[in-house]
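Chemist: Contents of entry26.cif (mmCIF, C-alpha atoms and all ligand atoms) are given next:
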data_run
#
loop_
_atom_site.group_PDB
_atom_site.id
_atom_site.type_symbol
_atom_site.label_atom_id
_atom_site.label_comp_id
_atom_site.auth_asym_id
_atom_site.auth_seq_id
_atom_site.Cartn_x
_atom_site.Cartn_y
_atom_site.Cartn_z
ATOM 1 C CA MET A 1 12.179 25.512 -19.806
ATOM 2 C CA LYS A 2 10.698 23.303 -17.072
ATOM 3 C CA ILE A 3 12.401 23.006 -13.721
ATOM 4 C CA VAL A 4 11.439 20.284 -11.264
ATOM 5 C CA ALA A 5 12.480 21.506 -7.870
ATOM 6 C CA ALA A 6 14.305 19.009 -5.658
ATOM 7 C CA LYS A 7 11.939 20.061 -2.857
ATOM 8 C CA LYS A 8 8.961 18.744 -4.854
ATOM 9 C CA ILE A 9 10.683 15.387 -5.439
ATOM 10 C CA LEU A 10 11.475 15.126 -1.721
ATOM 11 C CA LYS A 11 7.859 15.954 -0.860
ATOM 12 C CA ILE A 12 6.611 13.118 -3.070
ATOM 13 C CA ASN A 13 9.188 10.829 -1.442
ATOM 14 C CA ASP A 14 7.954 11.837 2.015
ATOM 15 C CA GLN A 15 4.361 10.986 1.051
ATOM 16 C CA LEU A 16 5.403 7.564 -0.239
ATOM 17 C CA ALA A 17 7.520 6.993 2.880
ATOM 18 C CA ALA A 18 4.492 7.738 5.070
ATOM 19 C CA GLU A 19 2.489 5.177 3.066
ATOM 20 C CA ASN A 20 5.272 2.609 3.537
ATOM 21 C CA ARG A 21 5.298 3.277 7.287
ATOM 22 C CA SER A 22 1.505 2.815 7.458
ATOM 23 C CA GLN A 23 1.863 -0.510 5.679
ATOM 24 C CA PHE A 24 4.644 -1.603 8.059
ATOM 25 C CA ASP A 25 2.625 -0.522 11.093
ATOM 26 C CA ALA A 26 -0.472 -2.368 9.869
ATOM 27 C CA ALA A 27 1.629 -5.512 9.394
ATOM 28 C CA LYS A 28 3.360 -4.990 12.787
ATOM 29 C CA VAL A 29 6.740 -4.960 11.068
ATOM 30 C CA ARG A 30 9.464 -2.767 12.558
ATOM 31 C CA VAL A 31 11.926 -1.303 10.070
ATOM 32 C CA VAL A 32 15.496 -0.099 10.442
ATOM 33 C CA ASN A 33 17.390 1.771 7.719
ATOM 34 C CA VAL A 34 21.143 1.060 7.886
ATOM 35 C CA VAL A 35 23.298 3.754 6.293
ATOM 36 C CA GLY A 36 27.053 4.275 5.994
ATOM 37 C CA SER A 37 29.954 4.475 3.537
ATOM 38 C CA PRO A 38 30.874 1.720 1.075
ATOM 39 C CA GLY A 39 32.626 -1.038 3.006
ATOM 40 C CA ALA A 40 31.872 0.448 6.449
ATOM 41 C CA GLY A 41 30.680 -2.984 7.550
ATOM 42 C CA LYS A 42 26.886 -2.749 7.191
ATOM 43 C CA THR A 43 26.330 -6.280 5.897
ATOM 44 C CA THR A 44 28.769 -7.820 8.373
ATOM 45 C CA LEU A 45 26.956 -5.982 11.167
ATOM 46 C CA LEU A 46 23.574 -7.298 9.981
ATOM 47 C CA GLU A 47 24.969 -10.851 9.895
ATOM 48 C CA ALA A 48 26.205 -10.465 13.477
ATOM 49 C CA LEU A 49 22.941 -8.841 14.642
ATOM 50 C CA PHE A 50 20.721 -11.518 13.126
ATOM 51 C CA ALA A 51 22.797 -14.201 14.849
ATOM 52 C CA GLN A 52 21.957 -12.453 18.157
ATOM 53 C CA LEU A 53 18.330 -11.669 17.366
ATOM 54 C CA LYS A 54 17.149 -14.836 15.650
ATOM 55 C CA SER A 55 15.515 -16.284 18.777
ATOM 56 C CA ARG A 56 13.647 -12.987 19.411
ATOM 57 C CA ARG A 57 12.784 -11.683 15.936
ATOM 58 C CA ARG A 58 11.852 -12.919 12.462
ATOM 59 C CA PRO A 59 14.107 -10.805 10.241
ATOM 60 C CA ALA A 60 14.093 -9.971 6.551
ATOM 61 C CA VAL A 61 16.324 -7.652 4.552
ATOM 62 C CA ILE A 62 16.104 -5.322 1.595
ATOM 63 C CA GLU A 63 19.587 -4.942 0.137
ATOM 64 C CA GLY A 64 20.375 -1.801 -1.854
ATOM 65 C CA ASP A 65 23.335 -1.800 -4.211
ATOM 66 C CA ILE A 66 24.208 0.024 -7.398
ATOM 67 C CA ALA A 67 24.748 -3.385 -9.027
ATOM 68 C CA GLY A 68 25.076 -7.061 -8.194
ATOM 69 C CA SER A 69 23.648 -9.327 -5.530
ATOM 70 C CA ILE A 70 26.675 -10.159 -3.354
ATOM 71 C CA ASP A 71 25.076 -8.897 -0.115
ATOM 72 C CA SER A 72 21.779 -10.695 -0.851
ATOM 73 C CA GLU A 73 23.692 -13.926 -1.369
ATOM 74 C CA ARG A 74 25.281 -13.387 2.055
ATOM 75 C CA MET A 75 21.813 -13.029 3.587
ATOM 76 C CA GLU A 76 20.552 -16.137 1.798
ATOM 77 C CA ARG A 77 23.505 -18.075 3.211
ATOM 78 C CA ILE A 78 22.344 -17.285 6.767
ATOM 79 C CA GLY A 79 18.718 -18.074 5.927
ATOM 80 C CA VAL A 80 17.292 -14.536 6.038
ATOM 81 C CA PRO A 81 14.611 -13.683 3.417
ATOM 82 C CA VAL A 82 16.006 -10.963 1.178
ATOM 83 C CA VAL A 83 15.076 -8.736 -1.747
ATOM 84 C CA GLN A 84 17.820 -7.048 -3.748
ATOM 85 C CA ILE A 85 17.356 -3.581 -5.245
ATOM 86 C CA ASN A 86 19.833 -2.503 -7.933
ATOM 87 C CA THR A 87 19.656 1.249 -8.380
ATOM 88 C CA ASP A 88 21.710 1.212 -11.594
ATOM 89 C CA GLY A 89 23.722 4.252 -10.554
ATOM 90 C CA ALA A 90 21.524 6.078 -8.041
ATOM 91 C CA CYS A 91 23.430 6.770 -4.824
ATOM 92 C CA HIS A 92 20.523 6.156 -2.404
ATOM 93 C CA LEU A 93 17.340 4.157 -2.020
ATOM 94 C CA ASP A 94 14.016 5.981 -2.106
ATOM 95 C CA ALA A 95 10.543 5.250 -0.756
ATOM 96 C CA ASN A 96 9.191 4.155 -4.147
ATOM 97 C CA MET A 97 11.939 1.526 -4.500
ATOM 98 C CA ILE A 98 11.096 0.219 -1.030
ATOM 99 C CA ALA A 99 7.356 0.086 -1.827
ATOM 100 C CA ASN A 100 8.120 -2.111 -4.832
ATOM 101 C CA ALA A 101 10.645 -4.322 -3.021
ATOM 102 C CA VAL A 102 8.232 -4.933 -0.127
ATOM 103 C CA LYS A 103 5.765 -6.519 -2.578
ATOM 104 C CA GLU A 104 8.266 -9.376 -2.906
ATOM 105 C CA LEU A 105 8.241 -10.084 0.856
ATOM 106 C CA ASP A 106 5.703 -11.992 2.939
ATOM 107 C CA LEU A 107 5.284 -9.422 5.727
ATOM 108 C CA THR A 108 3.171 -11.839 7.771
ATOM 109 C CA ALA A 109 6.353 -13.897 8.309
ATOM 110 C CA VAL A 110 8.504 -10.898 9.296
ATOM 111 C CA ASP A 111 8.710 -8.642 12.343
ATOM 112 C CA LEU A 112 12.086 -6.960 11.805
ATOM 113 C CA LEU A 113 12.908 -5.568 8.370
ATOM 114 C CA ALA A 114 16.404 -4.186 7.857
ATOM 115 C CA ILE A 115 17.091 -2.024 4.830
ATOM 116 C CA GLU A 116 20.779 -1.824 3.879
ATOM 117 C CA ASN A 117 21.048 1.436 1.985
ATOM 118 C CA ILE A 118 23.549 2.206 -0.782
ATOM 119 C CA GLY A 119 27.028 2.836 0.625
ATOM 120 C CA ASN A 120 27.034 6.630 0.852
ATOM 121 C CA LEU A 121 27.240 9.242 3.618
ATOM 122 C CA VAL A 122 25.633 12.057 1.619
ATOM 123 C CA CYS A 123 22.719 11.080 -0.660
ATOM 124 C CA THR A 124 21.104 8.679 1.798
ATOM 125 C CA ALA A 125 20.561 11.453 4.350
ATOM 126 C CA GLY A 126 17.697 13.185 2.537
ATOM 127 C CA PHE A 127 15.429 10.233 1.784
ATOM 128 C CA ASP A 128 12.946 8.852 4.289
ATOM 129 C CA LEU A 129 12.148 5.257 3.311
ATOM 130 C CA GLY A 130 9.341 4.737 5.812
ATOM 131 C CA GLU A 131 11.620 3.249 8.446
ATOM 132 C CA HIS A 132 11.098 3.517 12.211
ATOM 133 C CA LEU A 133 14.799 3.840 13.039
ATOM 134 C CA ARG A 134 17.883 4.912 11.146
ATOM 135 C CA ILE A 135 21.302 3.639 12.181
ATOM 136 C CA VAL A 136 24.497 5.144 10.820
ATOM 137 C CA VAL A 137 27.486 2.802 10.652
ATOM 138 C CA LEU A 138 30.979 4.305 10.671
ATOM 139 C CA SER A 139 34.113 2.164 10.606
ATOM 140 C CA THR A 140 37.274 3.170 12.401
ATOM 141 C CA ALA A 141 39.121 3.101 9.057
ATOM 142 C CA GLU A 142 37.111 6.110 7.852
ATOM 143 C CA GLY A 143 38.401 8.454 10.551
ATOM 144 C CA ASP A 144 36.908 10.047 13.653
ATOM 145 C CA ASP A 145 36.177 13.399 11.940
ATOM 146 C CA LYS A 146 33.298 12.255 9.727
ATOM 147 C CA ALA A 147 30.430 13.640 11.803
ATOM 148 C CA VAL A 148 31.905 17.126 11.433
ATOM 149 C CA LYS A 149 32.355 16.727 7.687
ATOM 150 C CA TYR A 150 29.060 14.937 6.880
ATOM 151 C CA PRO A 151 26.719 16.201 9.614
ATOM 152 C CA ALA A 152 23.314 15.552 8.006
ATOM 153 C CA ILE A 153 23.494 11.774 8.071
ATOM 154 C CA PHE A 154 24.605 11.734 11.708
ATOM 155 C CA GLN A 155 22.036 14.338 12.730
ATOM 156 C CA GLY A 156 19.238 12.326 11.153
ATOM 157 C CA SER A 157 20.174 8.995 12.747
ATOM 158 C CA ASP A 158 18.812 7.346 15.894
ATOM 159 C CA ALA A 159 22.093 5.596 16.757
ATOM 160 C CA LEU A 160 25.735 5.572 15.709
ATOM 161 C CA VAL A 161 27.515 2.242 15.430
ATOM 162 C CA ILE A 162 31.296 2.517 15.324
ATOM 163 C CA THR A 163 32.443 -0.684 13.622
ATOM 164 C CA LYS A 164 35.837 -2.348 13.192
ATOM 165 C CA ILE A 165 36.714 -1.210 16.700
ATOM 166 C CA ASP A 166 39.295 -4.032 16.708
ATOM 167 C CA LEU A 167 41.281 -1.962 14.186
ATOM 168 C CA ALA A 168 41.150 1.294 16.188
ATOM 169 C CA PRO A 169 44.635 0.906 17.742
ATOM 170 C CA HIS A 170 46.164 0.824 14.246
ATOM 171 C CA LEU A 171 44.257 3.825 12.917
ATOM 172 C CA ASN A 172 44.625 6.639 15.433
ATOM 173 C CA PHE A 173 40.813 6.605 15.726
ATOM 174 C CA LYS A 174 39.485 8.259 18.876
ATOM 175 C CA PRO A 175 35.958 6.990 19.697
ATOM 176 C CA GLU A 176 35.523 9.811 22.232
ATOM 177 C CA ARG A 177 35.932 12.425 19.484
ATOM 178 C CA ILE A 178 33.147 11.122 17.236
ATOM 179 C CA THR A 179 30.999 10.338 20.285
ATOM 180 C CA ALA A 180 31.222 13.990 21.356
ATOM 181 C CA ASP A 181 30.345 15.138 17.825
ATOM 182 C CA MET A 182 27.386 12.747 17.714
ATOM 183 C CA LYS A 183 26.128 14.002 21.090
ATOM 184 C CA ARG A 184 26.169 17.533 19.700
ATOM 185 C CA LEU A 185 24.360 16.570 16.470
ATOM 186 C CA ALA A 186 21.917 13.991 17.874
ATOM 187 C CA PRO A 187 21.859 14.268 21.671
ATOM 188 C CA ASP A 188 19.459 11.356 22.219
ATOM 189 C CA ALA A 189 21.206 8.873 19.937
ATOM 190 C CA PRO A 190 23.279 6.192 21.667
ATOM 191 C CA VAL A 191 26.741 5.317 20.368
ATOM 192 C CA PHE A 192 27.830 1.675 20.167
ATOM 193 C CA GLN A 193 31.345 0.327 19.641
ATOM 194 C CA VAL A 194 31.370 -2.976 17.802
ATOM 195 C CA SER A 195 33.674 -5.476 16.176
ATOM 196 C CA ALA A 196 31.254 -7.401 13.997
ATOM 197 C CA THR A 197 33.902 -9.905 12.930
ATOM 198 C CA ARG A 198 34.854 -10.738 16.525
ATOM 199 C CA GLY A 199 31.334 -10.263 17.915
ATOM 200 C CA ASP A 200 32.442 -7.662 20.481
ATOM 201 C CA GLY A 201 29.714 -5.194 21.428
ATOM 202 C CA VAL A 202 27.018 -6.795 19.270
ATOM 203 C CA ALA A 203 24.834 -7.989 22.181
ATOM 204 C CA PRO A 204 24.188 -4.490 23.679
ATOM 205 C CA LEU A 205 23.337 -3.183 20.211
ATOM 206 C CA ALA A 206 20.958 -6.110 19.566
ATOM 207 C CA ASP A 207 19.254 -5.493 22.942
ATOM 208 C CA TRP A 208 18.879 -1.766 22.283
ATOM 209 C CA LEU A 209 17.513 -2.389 18.783
ATOM 210 C CA SER A 210 15.059 -4.978 19.987
ATOM 211 C CA GLN A 211 13.801 -2.853 22.884
ATOM 212 C CA THR A 212 13.672 0.402 20.928
ATOM 213 C CA LEU A 213 11.789 -1.101 18.005
ATOM 214 C CA ALA A 214 9.335 -2.800 20.354
ATOM 215 C CA ALA A 215 8.678 0.556 22.051
ATOM 216 C CA THR A 216 8.286 2.435 18.767
ATOM 217 C CA LYS A 217 4.736 3.634 18.372
ATOM 218 C CA PRO A 218 3.112 3.805 14.942
ATOM 219 C CA LEU A 219 4.158 7.169 13.514
ATOM 220 C CA ASN A 220 1.279 7.864 11.153
HETATM 221 N N1 LIG A 301 38.432 -6.042 11.207
HETATM 222 C C1 LIG A 301 37.123 -5.893 10.940
HETATM 223 N N2 LIG A 301 36.697 -5.989 9.671
HETATM 224 C C2 LIG A 301 35.365 -5.847 9.425
HETATM 225 C C3 LIG A 301 34.428 -5.594 10.473
HETATM 226 N N3 LIG A 301 33.210 -5.465 9.912
HETATM 227 C C4 LIG A 301 33.375 -5.654 8.596
HETATM 228 N N4 LIG A 301 34.666 -5.879 8.280
HETATM 229 C C5 LIG A 301 35.236 -6.110 6.952
HETATM 230 O O1 LIG A 301 35.038 -4.938 6.175
HETATM 231 C C6 LIG A 301 34.799 -5.291 4.811
HETATM 232 C C7 LIG A 301 33.506 -4.656 4.339
HETATM 233 O O2 LIG A 301 32.418 -5.188 5.091
HETATM 234 P P1 LIG A 301 30.917 -5.201 4.558
HETATM 235 O O3 LIG A 301 30.089 -5.675 5.673
HETATM 236 O O4 LIG A 301 30.823 -5.910 3.254
HETATM 237 O O5 LIG A 301 30.681 -3.644 4.310
HETATM 238 P P2 LIG A 301 29.381 -2.901 3.713
HETATM 239 O O6 LIG A 301 29.235 -1.634 4.464
HETATM 240 O O7 LIG A 301 28.237 -3.829 3.754
HETATM 241 O O8 LIG A 301 29.832 -2.627 2.221
HETATM 242 P P3 LIG A 301 28.898 -2.153 0.971
HETATM 243 O O9 LIG A 301 27.629 -2.939 1.032
HETATM 244 O O10 LIG A 301 29.722 -2.467 -0.231
HETATM 245 O O11 LIG A 301 28.688 -0.686 1.148
HETATM 246 C C8 LIG A 301 34.782 -6.820 4.755
HETATM 247 O O12 LIG A 301 36.052 -7.273 4.338
HETATM 248 C C9 LIG A 301 34.513 -7.218 6.201
HETATM 249 O O13 LIG A 301 35.030 -8.487 6.550
HETATM 250 C C10 LIG A 301 34.921 -5.519 11.818
HETATM 251 O O14 LIG A 301 34.176 -5.289 12.798
HETATM 252 N N5 LIG A 301 36.282 -5.666 11.988
HETATM 253 MG MG MG A 302 26.958 -4.398 2.224
#
How does the structure come out when it is put into structure tokens?
Ligand SMILES: Nc1nc2c(ncn2[C@@H]2O[C@H](COP(=O)(O)OP(=O)(O)OP(=O)(O)O)[C@@H](O)[C@H]2O)c(=O)[nH]1
Ligand SMILES: [Mg+2]

Modeler:
Amino acid sequence: MKIVAAKKILKINDQLAAENRSQFDAAKVRVVNVVGSPGAGKTTLLEALFAQLKSRRRPAVIEGDIAGSIDSERMERIGVPVVQINTDGACHLDANMIANAVKELDLTAVDLLAIENIGNLVCTAGFDLGEHLRIVVLSTAEGDDKAVKYPAIFQGSDALVITKIDLAPHLNFKPERITADMKRLAPDAPVFQVSATRGDGVAPLADWLSQTLAATKPLN
């Protein structure tokens, strides 16, 4: 019997992620990995962010979905270059998928690459893609207890974006509860409260993202 240890697979992923990051650094492209549950509001947030950032950054997107190209079509509608990855069942993107998707992009025409990961709070936590920043998106509809129940994804993120804050009054969602949990798990990570559909809170997030990515030093 042959057993391939998960640790070995993760090690190979980490090596490929480091190669991706070197390629991004050489091309002066800054990369953000956007993670969160299905329907949390990742694509809507990216649409709102790009509207804010378009005068400052040249964005592109890699969209990860189990199937279909709905989110890529949304990006095409707002004029953002996009590559769709269909994982055909896998619950997260990995560094090899990103390496292949990047071949389809002209990195000389891009300085901000957003990767929308598969909607999942568990599998996405373990896989470095070669990004510079990871942002976890949590919508008010999911409940304010999620950082306690799914700590790894919050612990490994550089910022928490609470979305659908316009719905909070209907959902008994307490932003201060998840903010306290996030501070415990990732003390340096800022927490943003956003309504992407109304545009509330998007500007401070766009400013933070822009400044933080600009200040990010090559990691390899
Ligand atoms: N009220 C409200 N609705 C929102 C907000 N952001 C997103 N939505 C809605 O939430 C639903 C899901 O949004 P998406 O942006 O597609 O979510 P997603 O995380 O990209 O979903 P997947 O890619 O399928 O994982 C859509 O009906 C959006 O219109 C928000 O800030 N407020
Ligand atoms: Mg989406």

Chemist: Run the PyMOL selection byres (((not hetatm)) within 7 of (chain A and resi 301)) mentally over the shown coordinates, then write out the matched residues as a list in words, using the chain letters and numbers from the document.

Modeler: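 Evaluating the PyMOL selection byres (((not hetatm)) within 7 of (chain A and resi 301)) on these coordinates yields Gly36, Ser37, Pro38, Gly39, Ala40, Gly41, Lys42, Thr43, Thr44, Leu45, Asp65, Asp71, Ile118, Gly119, Thr163, Lys164, Ile165, Asp166, Leu167, Val194, Ser195, Ala196, Thr197 and Arg198 of chain A.
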
Chemist: What do you get, as a list in words, if you spell out every residue that the PyMOL selection byres (((chain A and resi 14-26) around 8) and not hetatm) selects here?

Modeler: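 Taken over the shown coordinates, the PyMOL selection byres (((chain A and resi 14-26) around 8) and not hetatm) returns Leu10, Lys11, Ile12, Asn13, Ala27, Lys28, Val29, Arg30, Val31, Ala95, Asn96, Ile98, Ala99, Phe127, Asp128, Leu129, Gly130, Glu131, His132, Pro218, Leu219 and Asn220 of chain A.
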
Chemist: Write out the residues from the selection above, keeping C-alpha atoms, as an mmCIF file, keeping the file's coordinate frame.

Modeler:
data_model
loop_
_atom_site.group_PDB
_atom_site.id
_atom_site.type_symbol
_atom_site.label_atom_id
_atom_site.label_comp_id
_atom_site.auth_asym_id
_atom_site.auth_seq_id
_atom_site.Cartn_x
_atom_site.Cartn_y
_atom_site.Cartn_z
ATOM 1 C CA LEU A 10 11.475 15.126 -1.721
ATOM 2 C CA LYS A 11 7.859 15.954 -0.860
ATOM 3 C CA ILE A 12 6.611 13.118 -3.070
ATOM 4 C CA ASN A 13 9.188 10.829 -1.442
ATOM 5 C CA ALA A 27 1.629 -5.512 9.394
ATOM 6 C CA LYS A 28 3.360 -4.990 12.787
ATOM 7 C CA VAL A 29 6.740 -4.960 11.068
ATOM 8 C CA ARG A 30 9.464 -2.767 12.558
ATOM 9 C CA VAL A 31 11.926 -1.303 10.070
ATOM 10 C CA ALA A 95 10.543 5.250 -0.756
ATOM 11 C CA ASN A 96 9.191 4.155 -4.147
ATOM 12 C CA ILE A 98 11.096 0.219 -1.030
ATOM 13 C CA ALA A 99 7.356 0.086 -1.827
ATOM 14 C CA PHE A 127 15.429 10.233 1.784
ATOM 15 C CA ASP A 128 12.946 8.852 4.289
ATOM 16 C CA LEU A 129 12.148 5.257 3.311
ATOM 17 C CA GLY A 130 9.341 4.737 5.812
ATOM 18 C CA GLU A 131 11.620 3.249 8.446
ATOM 19 C CA HIS A 132 11.098 3.517 12.211
ATOM 20 C CA PRO A 218 3.112 3.805 14.942
ATOM 21 C CA LEU A 219 4.158 7.169 13.514
ATOM 22 C CA ASN A 220 1.279 7.864 11.153
#

Chemist: Counting only C-alpha atoms, figure out which residue out of A:Leu112, A:Leu53, A:Ala186, A:Ile85 gets nearest to Val136 in chain A.

Modeler: A:Ala186

Chemist: What do you get, as a VMD selection string, if you spell out every residue that the PyMOL selection byres (((chain A and resi 175) around 9) and not hetatm) selects here?

Modeler: chain A and resid 140 144 162 165 168 173 to 174 176 to 180 193

Chemist: Could you list, as a compact mmCIF listing (two decimals) with C-alpha atoms, in the coordinates of the input, every residue within 12 Å of Asp207 in chain A, counting only C-alpha atoms and ignoring same-chain residues fewer than 2 positions away?

Modeler:
# COMPACT_ATOMS: atom_id res chain seq x y z
CA LEU A 49 22.94 -8.84 14.64
CA PHE A 50 20.72 -11.52 13.13
CA GLN A 52 21.96 -12.45 18.16
CA LEU A 53 18.33 -11.67 17.37
CA ARG A 56 13.65 -12.99 19.41
CA ARG A 57 12.78 -11.68 15.94
CA PHE A 192 27.83 1.68 20.17
CA GLY A 201 29.71 -5.19 21.43
CA VAL A 202 27.02 -6.80 19.27
CA ALA A 203 24.83 -7.99 22.18
CA PRO A 204 24.19 -4.49 23.68
CA LEU A 205 23.34 -3.18 20.21
CA LEU A 209 17.51 -2.39 18.78
CA SER A 210 15.06 -4.98 19.99
CA GLN A 211 13.80 -2.85 22.88
CA THR A 212 13.67 0.40 20.93
CA LEU A 213 11.79 -1.10 18.00
CA ALA A 214 9.34 -2.80 20.35

Chemist: Please, which residues are within 12 Å of (29.9, 15.9, 17.1) by the file's coordinates, counting all atoms listed in the file, and could they come as a PyMOL selection string?

Modeler: chain A and resi 144-155+160+175-187+189+191
